[in-house]
Structure formats: structure tokens, C-alpha cells
$ cat work.tsv   # TSV, C-alpha atoms and all ligand atoms
chain	number	residue	atom	x	y	z
A	24	MET	CA	0.00	0.00	0.00
A	25	ASN	CA	1.28	3.49	-0.88
A	26	THR	CA	0.45	6.53	1.20
A	27	VAL	CA	0.38	10.10	-0.08
A	28	TRP	CA	-0.22	12.98	2.33
A	29	VAL	CA	-2.15	16.13	1.56
A	30	ARG	CA	-1.95	19.35	3.58
A	31	SER	CA	-5.28	21.09	4.04
A	32	SER	CA	-7.11	23.68	6.09
A	33	ARG	CA	-8.61	20.85	8.15
A	34	GLY	CA	-5.23	19.29	8.87
A	35	ARG	CA	-3.28	16.82	6.79
A	36	TYR	CA	-4.93	13.68	5.48
A	37	PRO	CA	-3.66	10.47	3.89
A	38	ILE	CA	-4.50	8.95	0.52
A	39	PHE	CA	-4.08	5.18	0.63
A	40	VAL	CA	-3.46	3.55	-2.76
A	41	GLY	CA	-3.33	-0.22	-3.21
A	42	HIS	CA	-5.03	-3.38	-4.32
A	43	GLY	CA	-7.86	-4.78	-2.18
A	44	LEU	CA	-8.10	-1.75	0.11
A	45	LEU	CA	-11.91	-1.66	0.24
A	46	ALA	CA	-11.75	-4.94	2.12
A	47	LYS	CA	-9.58	-3.13	4.66
A	48	SER	CA	-11.82	-0.07	5.01
A	49	GLY	CA	-12.68	-0.89	8.61
A	50	VAL	CA	-9.04	-1.17	9.64
A	51	LEU	CA	-8.13	2.04	7.80
A	52	LEU	CA	-10.94	4.02	9.44
A	53	THR	CA	-10.12	2.76	12.91
A	54	ALA	CA	-6.39	3.36	12.44
A	55	SER	CA	-7.17	6.92	11.33
A	56	GLY	CA	-8.97	7.55	14.60
A	57	LEU	CA	-12.48	7.61	13.18
A	58	LYS	CA	-15.05	6.41	15.66
A	59	GLY	CA	-18.81	6.19	15.58
A	60	LYS	CA	-21.12	4.98	12.88
A	61	VAL	CA	-20.80	5.27	9.14
A	62	MET	CA	-23.22	6.32	6.39
A	63	ILE	CA	-22.09	4.57	3.21
A	64	VAL	CA	-23.20	6.65	0.24
A	65	THR	CA	-23.08	4.82	-3.06
A	66	GLN	CA	-24.78	4.02	-6.36
A	67	LYS	CA	-26.12	0.67	-7.54
A	68	PRO	CA	-23.56	0.03	-10.33
A	69	VAL	CA	-20.74	0.39	-7.78
A	70	ALA	CA	-22.47	-1.34	-4.88
A	71	ARG	CA	-23.11	-4.40	-7.02
A	72	PHE	CA	-19.38	-5.14	-7.09
A	73	HIS	CA	-17.84	-3.42	-4.11
A	74	LEU	CA	-20.25	-2.86	-1.24
A	75	ALA	CA	-19.97	-6.37	0.22
A	76	ALA	CA	-16.22	-6.02	0.85
A	77	VAL	CA	-16.74	-2.75	2.70
A	78	LEU	CA	-19.59	-4.08	4.82
A	79	LYS	CA	-17.62	-7.18	5.74
A	80	SER	CA	-14.61	-5.13	6.81
A	81	PHE	CA	-16.81	-2.85	8.93
A	82	ARG	CA	-18.47	-5.83	10.60
A	83	ARG	CA	-15.08	-7.28	11.48
A	84	LYS	CA	-14.15	-4.06	13.24
A	85	GLY	CA	-17.55	-3.70	14.90
A	86	ILE	CA	-18.35	-0.52	12.95
A	87	ARG	CA	-22.08	0.13	12.61
A	88	SER	CA	-23.20	1.37	9.21
A	89	GLN	CA	-26.18	2.48	7.12
A	90	ILE	CA	-26.34	2.33	3.35
A	91	HIS	CA	-27.70	5.20	1.31
A	92	PHE	CA	-28.21	4.80	-2.44
A	93	LEU	CA	-28.07	7.83	-4.68
A	94	SER	CA	-29.88	7.75	-7.99
A	95	GLU	CA	-27.70	6.86	-10.97
A	96	GLY	CA	-25.62	9.09	-13.21
A	97	GLU	CA	-24.59	12.74	-12.99
A	98	LYS	CA	-28.16	13.74	-12.15
A	99	ALA	CA	-27.53	12.39	-8.65
A	100	LYS	CA	-25.57	15.59	-7.94
A	101	SER	CA	-28.83	17.45	-7.35
A	102	GLU	CA	-30.58	19.50	-4.65
A	103	LYS	CA	-33.11	16.72	-4.25
A	104	GLU	CA	-30.51	14.00	-3.68
A	105	LEU	CA	-28.49	16.24	-1.35
A	106	PHE	CA	-31.47	16.85	0.90
A	107	ARG	CA	-32.55	13.21	0.74
A	108	LEU	CA	-29.11	12.28	2.14
A	109	LEU	CA	-29.20	15.04	4.78
A	110	HIS	CA	-32.60	13.81	5.95
A	111	ALA	CA	-31.27	10.24	6.14
A	112	LEU	CA	-28.42	11.49	8.37
A	113	VAL	CA	-30.98	13.11	10.68
A	114	LYS	CA	-33.20	10.04	10.60
A	115	TYR	CA	-30.39	7.77	11.76
A	116	SER	CA	-29.20	10.31	14.37
A	117	PHE	CA	-25.78	10.95	12.90
A	118	GLU	CA	-23.64	13.16	15.11
A	119	ARG	CA	-20.45	15.19	14.76
A	120	HIS	CA	-18.09	12.27	15.38
A	121	ASP	CA	-19.87	9.98	12.87
A	122	THR	CA	-18.70	9.51	9.28
A	123	VAL	CA	-19.98	9.87	5.74
A	124	PHE	CA	-18.23	7.30	3.52
A	125	ALA	CA	-18.41	7.90	-0.24
A	126	LEU	CA	-18.16	4.68	-2.24
A	127	GLY	CA	-18.24	5.54	-5.93
A	128	GLY	CA	-17.01	7.88	-8.61
A	129	GLY	CA	-16.75	11.66	-8.63
A	130	VAL	CA	-20.52	12.05	-8.54
A	131	VAL	CA	-20.87	10.18	-5.26
A	132	GLY	CA	-17.76	11.83	-3.76
A	133	ASP	CA	-18.84	15.36	-4.68
A	134	LEU	CA	-22.34	15.01	-3.28
A	135	ALA	CA	-21.45	12.99	-0.19
A	136	GLY	CA	-18.58	15.37	0.60
A	137	PHE	CA	-20.88	18.37	0.37
A	138	ALA	CA	-23.43	16.68	2.62
A	139	ALA	CA	-20.64	15.92	5.12
A	140	ALA	CA	-19.58	19.58	5.00
A	141	ALA	CA	-23.08	20.91	5.52
A	142	TYR	CA	-24.51	18.43	8.03
A	143	LEU	CA	-24.03	19.80	11.57
A	144	ARG	CA	-21.57	22.21	9.91
A	145	GLY	CA	-19.20	19.35	9.17
A	146	ILE	CA	-18.86	15.69	10.11
A	147	SER	CA	-16.11	13.21	9.27
A	148	PHE	CA	-15.76	12.29	5.62
A	149	VAL	CA	-14.01	9.41	3.88
A	150	ASN	CA	-13.71	9.37	0.10
A	151	ALA	CA	-13.32	5.89	-1.37
A	152	GLY	CA	-13.18	6.64	-5.09
A	153	THR	CA	-13.96	3.68	-7.34
A	154	THR	CA	-13.35	5.29	-10.74
A	155	LEU	CA	-9.99	6.21	-12.19
A	156	LEU	CA	-11.16	9.82	-12.36
A	157	ALA	CA	-12.01	9.82	-8.67
A	158	GLN	CA	-8.68	8.25	-7.74
A	159	VAL	CA	-6.48	10.59	-9.78
A	160	ASP	CA	-8.56	13.71	-9.45
A	161	SER	CA	-11.89	14.30	-7.72
A	162	SER	CA	-11.22	12.57	-4.38
A	163	ILE	CA	-8.16	14.77	-3.76
A	164	GLY	CA	-8.28	18.45	-2.92
A	165	GLY	CA	-11.52	18.89	-1.05
A	166	LYS	CA	-13.77	20.30	-3.75
A	167	THR	CA	-17.31	19.09	-3.13
A	168	GLY	CA	-20.65	20.17	-4.50
A	169	ILE	CA	-23.74	19.68	-6.59
A	170	ASN	CA	-25.19	20.92	-9.86
A	171	LEU	CA	-28.09	23.32	-10.20
A	172	ARG	CA	-30.50	23.53	-13.09
A	173	GLU	CA	-28.53	26.60	-14.18
A	174	GLY	CA	-25.15	24.90	-14.35
A	175	LYS	CA	-22.65	22.34	-13.11
A	176	ASN	CA	-20.93	22.56	-9.72
A	177	LEU	CA	-22.58	25.90	-8.91
A	178	VAL	CA	-23.01	25.13	-5.21
A	179	GLY	CA	-20.34	23.54	-3.07
A	180	ALA	CA	-17.68	23.81	-0.43
A	181	PHE	CA	-14.01	23.17	0.07
A	182	TYR	CA	-14.20	20.31	2.50
A	183	PRO	CA	-11.09	18.10	2.67
A	184	PRO	CA	-11.77	14.48	3.64
A	185	ASN	CA	-10.33	12.76	6.72
A	186	LEU	CA	-8.89	10.11	4.45
A	187	VAL	CA	-9.00	8.85	0.90
A	188	ILE	CA	-9.05	5.17	-0.01
A	189	SER	CA	-8.11	4.30	-3.59
A	190	ASP	CA	-8.55	0.60	-4.20
A	191	ILE	CA	-6.93	-0.27	-7.53
A	192	GLY	CA	-8.96	-3.50	-7.58
A	193	SER	CA	-12.18	-1.52	-7.91
A	194	LEU	CA	-11.02	-0.26	-11.32
A	195	SER	CA	-11.35	-3.74	-12.81
A	196	THR	CA	-15.15	-3.43	-12.98
A	197	LEU	CA	-15.22	-0.02	-14.66
A	198	PRO	CA	-16.77	0.15	-18.12
A	199	ASP	CA	-14.04	0.42	-20.78
A	200	ARG	CA	-15.05	3.83	-22.05
A	201	GLU	CA	-15.09	5.34	-18.52
A	202	PHE	CA	-11.67	3.90	-17.84
A	203	ARG	CA	-10.11	5.19	-21.05
A	204	ALA	CA	-11.64	8.64	-20.70
A	205	SER	CA	-10.08	9.08	-17.26
A	206	LEU	CA	-6.66	8.18	-18.65
A	207	ALA	CA	-6.72	11.59	-20.33
A	208	GLU	CA	-6.57	13.25	-16.88
A	209	ALA	CA	-3.62	11.04	-15.96
A	210	VAL	CA	-1.78	11.97	-19.18
A	211	LYS	CA	-2.49	15.59	-18.25
A	212	TYR	CA	-0.42	15.26	-15.06
A	213	GLY	CA	2.53	14.04	-17.09
A	214	ILE	CA	2.36	17.01	-19.42
A	215	ILE	CA	1.92	19.65	-16.73
A	216	ARG	CA	4.38	18.35	-14.17
A	217	VAL	CA	6.13	14.98	-14.52
A	218	PRO	CA	7.65	14.06	-17.90
A	219	GLN	CA	8.57	10.58	-16.59
A	220	LEU	CA	4.87	9.84	-16.19
A	221	PHE	CA	4.32	10.75	-19.82
A	222	ASP	CA	7.25	8.51	-20.82
A	223	MET	CA	5.73	5.64	-18.86
A	224	PHE	CA	2.48	6.12	-20.73
A	225	GLU	CA	4.31	6.01	-24.05
A	226	LYS	CA	6.18	2.84	-23.18
A	227	LYS	CA	3.40	0.95	-21.46
A	228	SER	CA	0.17	2.11	-23.05
A	229	GLY	CA	-0.81	-1.47	-23.91
A	230	SER	CA	-0.44	-2.76	-20.34
A	231	ILE	CA	-2.16	0.31	-18.95
A	232	LEU	CA	-5.13	-0.27	-21.25
A	233	ALA	CA	-5.13	-3.90	-20.08
A	234	ARG	CA	-5.37	-2.50	-16.52
A	235	ASN	CA	-2.19	-4.13	-15.29
A	236	ARG	CA	-2.47	-3.98	-11.52
A	237	LYS	CA	1.11	-2.94	-10.77
A	238	LEU	CA	1.14	-0.23	-13.40
A	239	LEU	CA	-2.19	1.16	-12.25
A	240	THR	CA	-0.91	1.33	-8.68
A	241	LEU	CA	2.12	3.25	-9.92
A	242	LEU	CA	0.00	5.49	-12.08
A	243	VAL	CA	-2.63	6.35	-9.47
A	244	THR	CA	0.06	6.97	-6.83
A	245	ALA	CA	2.04	9.23	-9.17
A	246	CYS	CA	-1.06	11.23	-10.13
A	247	ALA	CA	-2.23	11.47	-6.51
A	248	ARG	CA	1.21	12.80	-5.57
A	249	ILE	CA	1.08	15.51	-8.20
A	250	LYS	CA	-2.43	16.62	-7.36
A	251	ALA	CA	-1.67	16.43	-3.63
A	252	ARG	CA	1.36	18.68	-4.03
A	253	VAL	CA	-0.53	21.24	-6.07
A	254	VAL	CA	-3.59	21.44	-3.80
A	255	SER	CA	-1.46	21.43	-0.65
A	256	ARG	CA	0.11	24.69	-1.85
A	257	ASP	CA	-3.03	26.26	-3.25
A	258	GLU	CA	-6.07	24.66	-1.66
A	259	ARG	CA	-8.53	27.36	-2.67
A	260	GLU	CA	-7.20	28.15	-6.10
A	261	ILE	CA	-5.99	31.56	-4.95
A	262	LYS	CA	-2.35	31.56	-5.98
A	263	GLY	CA	-3.02	30.25	-9.44
A	264	GLU	CA	-0.97	27.10	-8.93
A	265	ARG	CA	-4.09	24.94	-8.86
A	266	MET	CA	-4.99	26.51	-12.17
A	267	ILE	CA	-2.41	24.35	-13.99
A	268	LEU	CA	-4.68	21.35	-13.30
A	269	ASN	CA	-7.01	22.93	-15.83
A	270	TYR	CA	-4.74	22.08	-18.76
A	271	GLY	CA	-7.02	21.31	-21.71
A	272	HIS	CA	-10.08	22.26	-19.68
A	273	THR	CA	-10.86	25.73	-21.11
A	274	PHE	CA	-11.51	24.01	-24.45
A	275	ALA	CA	-12.98	20.86	-22.86
A	276	HIS	CA	-15.62	22.69	-20.83
A	277	ALA	CA	-16.69	24.60	-23.92
A	278	PHE	CA	-17.02	21.37	-25.97
A	279	GLU	CA	-19.02	19.72	-23.20
A	280	GLN	CA	-21.33	22.71	-22.83
A	281	ALA	CA	-21.82	23.15	-26.56
A	282	LEU	CA	-22.73	19.45	-26.79
A	283	ARG	CA	-24.99	19.78	-23.73
A	284	TYR	CA	-23.00	17.19	-21.81
A	285	LYS	CA	-24.32	14.45	-24.04
A	286	THR	CA	-21.92	13.15	-26.64
A	287	LEU	CA	-18.55	13.33	-24.88
A	288	LEU	CA	-17.40	12.05	-21.50
A	289	HIS	CA	-15.42	14.63	-19.55
A	290	GLY	CA	-12.07	12.87	-20.07
A	291	GLU	CA	-12.74	12.59	-23.80
A	292	ALA	CA	-13.41	16.32	-23.98
A	293	VAL	CA	-10.17	16.88	-22.04
A	294	ALA	CA	-8.23	14.77	-24.56
A	295	ILE	CA	-9.44	16.95	-27.46
A	296	GLY	CA	-8.97	20.05	-25.28
A	297	MET	CA	-5.32	19.15	-24.64
A	298	VAL	CA	-4.73	18.69	-28.37
A	299	CYS	CA	-6.20	22.16	-28.93
A	300	ALA	CA	-4.17	23.75	-26.12
A	301	ALA	CA	-0.98	22.21	-27.52
A	302	GLU	CA	-1.87	23.47	-31.00
A	303	LEU	CA	-2.46	26.95	-29.58
A	304	ALA	CA	0.92	26.78	-27.84
A	305	VAL	CA	2.55	25.85	-31.18
A	306	LEU	CA	0.85	28.78	-32.93
A	307	LEU	CA	2.12	31.11	-30.22
A	308	GLY	CA	5.64	29.77	-30.65
A	309	LEU	CA	5.72	28.32	-27.13
A	310	LEU	CA	5.86	24.62	-27.99
A	311	SER	CA	7.58	22.65	-30.70
A	312	PRO	CA	5.25	20.95	-33.21
A	313	LEU	CA	7.04	17.67	-32.47
A	314	GLU	CA	6.04	17.75	-28.80
A	315	ALA	CA	2.45	18.51	-29.75
A	316	GLN	CA	2.56	15.56	-32.12
A	317	ARG	CA	3.88	13.28	-29.36
A	318	GLN	CA	0.96	14.17	-27.12
A	319	ARG	CA	-1.57	13.61	-29.87
A	320	GLN	CA	-0.08	10.23	-30.78
A	321	LEU	CA	-0.19	9.01	-27.20
A	322	LEU	CA	-3.84	10.02	-26.82
A	323	GLU	CA	-4.64	8.18	-30.04
A	324	ARG	CA	-2.84	5.10	-28.78
A	325	LEU	CA	-5.05	5.23	-25.68
A	326	HIS	CA	-8.07	5.22	-28.02
A	327	LEU	CA	-9.09	8.70	-27.00
A	328	PRO	CA	-10.67	11.19	-29.41
A	329	VAL	CA	-8.26	13.86	-30.64
A	330	SER	CA	-10.54	15.91	-32.88
A	331	LEU	CA	-14.09	17.21	-33.10
A	332	ARG	CA	-14.74	15.45	-36.41
A	333	GLY	CA	-18.03	13.58	-36.32
A	334	PHE	CA	-19.43	15.56	-33.40
A	335	HIS	CA	-21.09	18.23	-35.58
A	336	LEU	CA	-19.91	21.14	-33.51
A	337	ARG	CA	-19.79	24.65	-34.90
A	338	VAL	CA	-16.77	26.80	-34.10
A	339	ARG	CA	-18.97	29.71	-33.09
A	340	ASP	CA	-20.96	27.56	-30.64
A	341	VAL	CA	-17.71	26.51	-28.96
A	342	LEU	CA	-16.55	30.14	-28.77
A	343	PHE	CA	-19.92	31.20	-27.40
A	344	ALA	CA	-19.73	28.54	-24.67
A	345	MET	CA	-16.19	29.66	-23.83
A	346	MET	CA	-17.26	33.28	-23.43
A	347	ARG	CA	-20.26	32.36	-21.31
A	348	ASP	CA	-18.03	30.27	-19.06
A	349	LYS	CA	-15.59	33.15	-18.74
A	350	LYS	CA	-18.39	35.55	-17.77
A	351	LYS	CA	-19.73	33.13	-15.16
A	352	ARG	CA	-16.31	32.74	-13.58
A	353	GLY	CA	-16.01	36.52	-13.62
A	354	GLY	CA	-12.46	36.44	-14.91
A	355	ALA	CA	-10.43	36.48	-18.05
A	356	LEU	CA	-10.26	33.71	-20.61
A	357	ARG	CA	-7.24	31.77	-19.37
A	358	PHE	CA	-5.33	29.02	-21.09
A	359	VAL	CA	-2.83	26.63	-19.61
A	360	LEU	CA	-0.27	26.09	-22.35
A	361	PRO	CA	2.57	23.57	-22.51
A	362	VAL	CA	6.07	24.83	-23.26
A	363	ARG	CA	7.78	21.47	-22.97
A	364	MET	CA	6.97	18.12	-21.42
A	365	GLY	CA	6.43	18.72	-17.67
A	366	ARG	CA	6.12	22.48	-17.89
A	367	VAL	CA	3.16	24.75	-18.62
A	368	VAL	CA	2.46	28.48	-18.50
A	369	ILE	CA	-0.80	30.35	-18.01
A	370	ARG	CA	-1.77	32.88	-20.67
A	371	GLU	CA	-4.61	35.37	-20.94
A	372	ALA	CA	-5.63	37.74	-23.70
A	373	ILE	CA	-5.17	35.29	-26.54
A	374	PRO	CA	-6.54	36.82	-29.78
A	375	ILE	CA	-9.94	35.32	-30.61
A	376	PRO	CA	-9.04	34.64	-34.28
A	377	LEU	CA	-6.26	32.37	-33.04
A	378	ILE	CA	-8.64	30.41	-30.80
A	379	ARG	CA	-11.09	30.19	-33.68
A	380	ARG	CA	-8.36	28.83	-35.93
A	381	VAL	CA	-7.44	26.13	-33.41
A	382	ILE	CA	-11.04	24.95	-33.00
A	383	PHE	CA	-11.47	24.95	-36.76
A	384	SER	CA	-8.35	22.88	-37.37
A	385	ALA	CA	-9.54	20.47	-34.64
A	386	GLY	CA	-12.60	19.76	-36.78
A	387	GLY	CA	-15.07	22.41	-35.66
A	388	ARG	CA	-17.47	23.42	-38.44
A	389	SER	CA	-17.64	26.88	-39.90
B	1	LIG	N1	-14.30	17.40	-6.81
B	1	LIG	C1	-13.43	17.52	-7.77
B	1	LIG	O1	-12.32	18.04	-7.61
B	1	LIG	C2	-13.79	16.98	-9.13
B	1	LIG	C3	-12.80	16.85	-10.12
B	1	LIG	C4	-13.15	16.30	-11.35
B	1	LIG	C5	-14.45	15.85	-11.56
B	1	LIG	N2	-15.39	15.99	-10.57
B	1	LIG	C6	-16.77	15.51	-10.76
B	1	LIG	O2	-16.72	14.10	-10.88
B	1	LIG	C7	-17.89	13.66	-11.59
B	1	LIG	C8	-17.49	12.57	-12.57
B	1	LIG	O3	-16.95	11.49	-11.86
B	1	LIG	P1	-16.65	10.08	-12.53
B	1	LIG	O4	-15.98	10.28	-13.84
B	1	LIG	O5	-15.99	9.26	-11.52
B	1	LIG	O6	-18.10	9.56	-12.94
B	1	LIG	P2	-19.26	8.90	-12.08
B	1	LIG	O7	-19.11	9.15	-10.64
B	1	LIG	O8	-20.52	9.30	-12.74
B	1	LIG	O9	-19.01	7.35	-12.36
B	1	LIG	C9	-19.17	6.85	-13.67
B	1	LIG	C10	-20.09	5.64	-13.74
B	1	LIG	O10	-19.40	4.48	-13.28
B	1	LIG	C11	-20.09	3.84	-12.21
B	1	LIG	N3	-19.04	3.29	-11.37
B	1	LIG	C12	-18.28	3.92	-10.46
B	1	LIG	N4	-17.34	3.11	-9.99
B	1	LIG	C13	-17.50	1.92	-10.61
B	1	LIG	C14	-16.80	0.69	-10.56
B	1	LIG	N5	-15.73	0.52	-9.80
B	1	LIG	N6	-17.25	-0.33	-11.32
B	1	LIG	C15	-18.32	-0.16	-12.13
B	1	LIG	N7	-19.00	1.00	-12.25
B	1	LIG	C16	-18.59	2.02	-11.50
B	1	LIG	C17	-20.92	4.96	-11.60
B	1	LIG	O11	-22.03	4.47	-10.89
B	1	LIG	C18	-21.32	5.75	-12.84
B	1	LIG	O12	-22.39	5.12	-13.48
B	1	LIG	C19	-18.48	14.90	-12.23
B	1	LIG	O13	-19.66	15.25	-11.55
B	1	LIG	C20	-17.43	15.98	-12.03
B	1	LIG	O14	-17.98	17.27	-11.87
B	1	LIG	C21	-15.07	16.53	-9.38
B	2	ZN	ZN	-11.09	17.25	-15.55
$ encode --input "work.tsv" --output "C-alpha cells" --more "lines below"
Ligand SMILES: NC(=O)c1ccc[n+]([C@@H]2O[C@H](COP(=O)([O-])OP(=O)(O)OC[C@H]3O[C@@H](n4cnc5c(N)ncnc54)[C@H](O)[C@@H]3O)[C@@H](O)[C@H]2O)c1
Ligand SMILES: [Zn+2]
Amino acid sequence: MNTVWVRSSRGRYPIFVGHGLLAKSGVLLTASGLKGKVMIVTQKPVARFHLAAVLKSFRRKGIRSQIHFLSEGEKAKSEKELFRLLHALVKYSFERHDTVFALGGGVVGDLAGFAAAAYLRGISFVNAGTTLLAQVDSSIGGKTGINLREGKNLVGAFYPPNLVISDIGSLSTLPDREFRASLAEAVKYGIIRVPQLFDMFEKKSGSILARNRKLLTLLVTACARIKARVVSRDEREIKGERMILNYGHTFAHAFEQALRYKTLLHGEAVAIGMVCAAELAVLLGLLSPLEAQRQRQLLERLHLPVSLRGFHLRVRDVLFAMMRDKKKRGGALRFVLPVRMGRVVIREAIPIPLIRRVIFSAGGRS
């Protein structure tokens, strides 16, 4: 088992990465000083494979637990589901020293974390992410929240967990497309911070796609380390350091919005977004075309989309979504741009015609 520590406003917390860790949940909670009962928050597709191991480990340690099922899909991150969980916590008399335990992907973690932050102004929270995205990204850093009708992640809180459990074994039951899409976020870490991670991807893409246990442990640990370091220094995205995690995301969010969150999974949008950001960096003379090519080839080898062809997206719709996003965030249109493997810079005030050109050459329609 590997342990990565994160510094946060609520004290430091460990991320445990290893195979078969869900079956040790009870031991890990007890060893981390968590007492009291546990509300396991999950979704049916996850529970089907992984709930039994957690329950068994709690029973062995004499930990009492309740199970709360959220509805399925992203729509679970809603006001209705949040309040349904809060009422369940009241119903079962959860108190300050009790724990909310998220067992699932980013959807479960975001909602359960927000409920833990809000209930009694904060009770203990454990994030056991069962998707690759949760393990390399959403379970680390304390961002929690829900969606409103008006937009995604509009309501939330920074609420760091007491501990994170990343069981590599849980990734074996993930649907192929979900797994591959999340690899884009892992590739992102290589490009923004650790060139060796990118090299590993290039050399071992076949074994990674085959979900080799050892490689996945290495990969998740490496990504967790990078994200942990970044959020430890800039928990609330004030200094701008956390901003580098948004590599590829200015484009990706616009693609997702313009497609109304239907056609593309988030990681797939990030893959195309990274190709666009690299292209923009080449046009600005920041990155060599060869490096951009390397990134694109790796994404292709991981069977990720690298262009907008076939998605019937118009350039102006993407630009419109980008501007709306910028307005909502109240800031400038910012791009994280690679200068070489492992190093990125943040740029604002990029001429619109240049952005338009990039989206067009990525397959956006005129
Ligand atoms: N808090 C953050 O910092 C942060 C960062 C990135 C993304 N997010 C959020 O994360 C969410 C996306 O998370 P996600 O990609 O994990 O998707 P998800 O939580 O929707 O999970 C994807 C699907 O896989 C199922 N599933 C989960 N684990 C499984 C397993 N081990 N085996 C089989 N099926 C399994 C889920 O039930 C779901 O149907 C979005 O809402 C996004 O906003 C949050
Ligand atoms: Zn992302």
C-alpha cells in the first residue's frame, strides 16, 4: 500500500493507494482515529461489485453502518438528492463524530462530501473513489458540490476528507469507455508536471489499457502525488498554482457545454482540449510541433478522441460557450499552455481569431 499525504485547512490527510483496500476499510478508518457509525453513500452500479467487501470489513471491526443509495448518473448531484441524504443522516441520528463514507465515482464523492460539509456544519468524511477519475482527481483536494439547473458545480464547499481510499482493484469493474476517458486526466499530469509519467504512458500504453495492476498502482500513486502537491500549496485556487490542473479544460468545458454534456465524456473532452491547447501553444511559438505531435499520438494510442470530427460542432458555438463560461467565472479567458513536457504556463488575452483557428483545425465546423 502506498500513502500520499495532503496538507489542508482541516489538517493533513492520507490517501491510501493499493489493491484490495476496500476490504480493509474498517481497519483504515479505525487506524485513522475515526469512531462512531458510518453512512455509506453509493450508487447501484458500484455497490453491485464493491459494497460487500466494505460491509464485511466494517463488521469485522464492529463498525455500525447504514447504506444510502443515490440515484444513478450525474443527475444524482442534485438539490433533491443532497437533501434526501441530509434527511437520512438526521433520521439515523448521525452526530459530529460519525462519518460519511463515499463509495463511488466523482458524482458520489462530490455530493457525499458536500453533505458531510453541511450536516451539523461538518462531520467526518471518507472518500473511497472507485473510478480512475475519482482516484487521480476528484477525491483529492476537497472540492465538493452539486449541480443546479442553471449549471454544473454551482453550489459547493471546500471540505477536505479525513482520508482517501483508492482501491486499484475496484477499477477492474469499470466500463471500458469510462476507464479510457479518465486516462486523459492522468496523461495531463505528465504534461503539466512529470515528464517521466508521460514517458511511462508512451512505453506501457498497452499494459495500462489492459489494466495491469502494478502499473495502475504506480500510475494512481504518481497522479495522486502531483495533485496532492498542487492542492497542498493552493487549496482554494488563490495563488493560481491549482490553475495548472485545468490544462485542456478551457476548451474541454466549452465542448461539453456546446454538446450539452451528451456526446462526450469529460475525459474525452479533455483529450481533445489538450490537443487544442498544444496546438495553440505551437501557434504562439511556445511549444515545438514535435512535442504537440507526441501528445496527440499518445492520446490516439489510448483510443481517446483527438478531434471534433463527427461531433457536428460549430466553431462559433464553442466560442460562445467559452465566453459564457468566462463571464460566469467573472475572470479572463485563461489558457494553460505547454512549453515542454512537464512544464506549462498560463496565458490570458489570446486573440480570438487564433482560438477560432485552433477549433477549426480540430474539426469544428464553420
Ligand atoms: N471534486 C473535484 O475536484 C472533481 C474533479 C473532477 C471531476 N469531478 C466531478 O466528478 C464527476 C465525474 O466522476 P466520474 O468520472 O468518476 O463519474 P461517475 O461518478 O458518474 O461514475 C461513472 C459511472 O461508473 C459507475 N461506477 C463507479 N465506480 C465503478 C466501478 N468501480 N465499477 C463499475 N461501475 C462504477 C458509476 O455508478 C457511474 O455510473 C463529475 O460530476 C465531475 O464534476 C469533481
Ligand atoms: Zn477534468
$ axis_aligned_box --input "work.tsv" --around "ligand LIG 1 (chain B)" --padding-each-side "8 Å" --output "AutoDock Vina command-line options"
--center_x -17.4 --center_y 8.9 --center_z -10.3 --size_x 26.1 --size_y 34.4 --size_z 23.0
$ residues_around --input "work.tsv" --residues "Ile163 (chain A)" --least-positions-apart "4" --cutoff "12 Å" --atoms "only C-alpha atoms" --output "ChimeraX atom specification"
/A:27-31,35-39,129,132-133,136,149-152,156-159,167,181-189,243-244,246-255,258
$ atom_distance --input "work.tsv" --atom1 "CA of Ser193 (chain A)" --atom2 "CA of Leu51 (chain A)"
16.6 Å
$ residues_around --input "work.tsv" --residues "Thr122 (chain A)" --least-positions-apart "3" --cutoff "8 Å" --atoms "only C-alpha atoms" --output "list in words"
Leu57, Lys58, Gly59, Lys60, Val61, Met62, Ala139, Ile146, Ser147, Phe148 and Val149 of chain A
$ residues_near_ligand --input "work.tsv" --ligand "ligand ZN 2 (chain B)" --cutoff "10 Å" --atoms "all atoms listed in the file" --output "list in words"
Leu156, Val159, Asp160, Ser161, Ser205, Ala207, Glu208, Ala209, Lys211, Leu268, Asn269, Tyr270, Gly271, His272, Ala275, His276, His289, Gly290, Glu291, Ala292, Val293 and Ala294 of chain A
